[in-house]
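First comes the structure, then the notes that go with it.
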Amino acid sequence: MTVSKPAAALCLFVLVGFHALLPASPLLDEPIRPIPGLDDQDPERVALGRHLFFSTELSADRSVSCASCHQPALGGTDREVPSRGAGGAAGNIKTPSVFNSRFNIAQFWDGRASSLEEQLDGPIHNPGELASSWPDIIARLKKDRAFYRRFRKTYPDGMNERTLKDALVAFERSLITPDSPFDRWLQGEEDAISPQVLEGYRLFKAYGCIACHQGVNVGGNLFQRMGLLDDYFRDRGGPLTRADLGRFNVTGYPEDRFYFKVPSLRLAALQRRFFHDGSAASLDEAIRVMGNYQAGREIPPRDRTAIAAFLASLVGKHPLLDATP
């Protein structure tokens with residue numbers, strides 16, 4: 001049976017966005033759900049993964065780390081368009097946030113990785129990112145005798161691709177941002193948000209933003225066309241890039257051209273560049289563009305300000321959001 005794109009999106013909303021990872025909440029009819037608390041994790045695996053995440057030993061020339069593009073203090077992304085990898089190589093797409101990525105339906109803008117484990121191979125091997133390989137990384141890391149001994153205590157079968165991925169994923173799964181003001185409001189704390197935030201949320205729903213940005217991650221649970229109601233790429237100008245083709249690069253289906261994984265808005269208020277191409281340089285501009293091309297409506301400045309206040313209320317807590325390692 002062939003399922004239309006709108007029907008498929010609705011199915012994803014029902015199956016993933018609305019019912020996935022539902023904590024108890026007094027406001028059960030709201031389409032956004034609070035981020036659940038961190039599940040039981042081995043703290044040593046998380047610590048080892050954190051070390052790896054910030055280590056430049058993972059890049060071919062030791063110039064960059066995972067954290068170079070996924071900067072925790074900037075909401076798990078960076079301010080570069082494009083981002084720069086080993087040797088100063090230019091990437092071809094804006095870095096997505098690594099925070100709350102465990103809640104995504106898939107990884108990368110085009111969804112080509114189905115899990116965090118699978119996602120790791122992308123930046124490791126990409127010549128525009130870390131430009132390395134697991135054997136080279138293992139050889140380097142083993143020279144750090146103190147870290148290697150520590151690693152062996154947690155992973156008795158030694159340092160290999162599987163165990164390195166396990167540690168990195170343990171750290172990435174710990175990068176969640178619960179206890180936002182909006183989450184506290186969802187859980188019944190009426191004074192957790194201001195009247196302006198509440199009005200921004202009402203507008204967010206009224207303009208139709210909620211159709212794609214809902215669930216635990218306020219996005220990340222379906223794919224949607226960039227330029228749903230008008231031609232974004234025509235108006236943006238410049239040549240189309242391979243990255244602009246989005247989901248088509250994975251499926252090869254012409255109808256998937258310009259479809260991307262809907263990004264999470266959990267930390268949008270902390271970011272400085274928006275969309276897969278980084279073309280919007282402010283949150284206000286991003287809201288305006290989304291109104292025009294995704295909702296087919298002009299959102300006036302006063303409404304954009306209220307919506308921005310709502311998005312700021314989605315920012316939760318994690319020590320690395322306002323600290324350096």
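Ordering of the structure tokens sets the chain letters (A, B, ...), residue numbers begin anew at 1 in every chain, and ligands are numbered from 1 in the order given.
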
### Task
Mind checking which residues fall within 8 Å of A:Ile287, counting only C-alpha atoms, ignoring those fewer than 3 positions away in the same chain, and posting them as a ChimeraX atom specification?
/A:283-284,290-291,299,304,307-308

### Selection near stretch 262-264 of chain A, 10 Å with only C-alpha atoms, sequence-local residues under 3 positions removed, as a PyMOL selection string
chain A and resi 96-97+99-101+103-105+108-111+212-226+259+267-268+274-276

### Query
With distances taken over only C-alpha atoms, which of A:Phe54, A:Pro127, A:Lys261, A:Ile138 is nearest to A:Ala106?
A:Lys261

#### Entry: Length of the atom CA of A:Leu168 to atom CA of A:Leu52 vector [Å]
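Those two atoms sit 6.7 Å apart.
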
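Between atom CA of A:Gly85 and atom CA of A:Phe53 there is a distance of 14.4 Å.
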
### Query
Mind pulling up the distance from atom CA of A:Ala211 to atom CA of A:Asp303?
17.9 Å
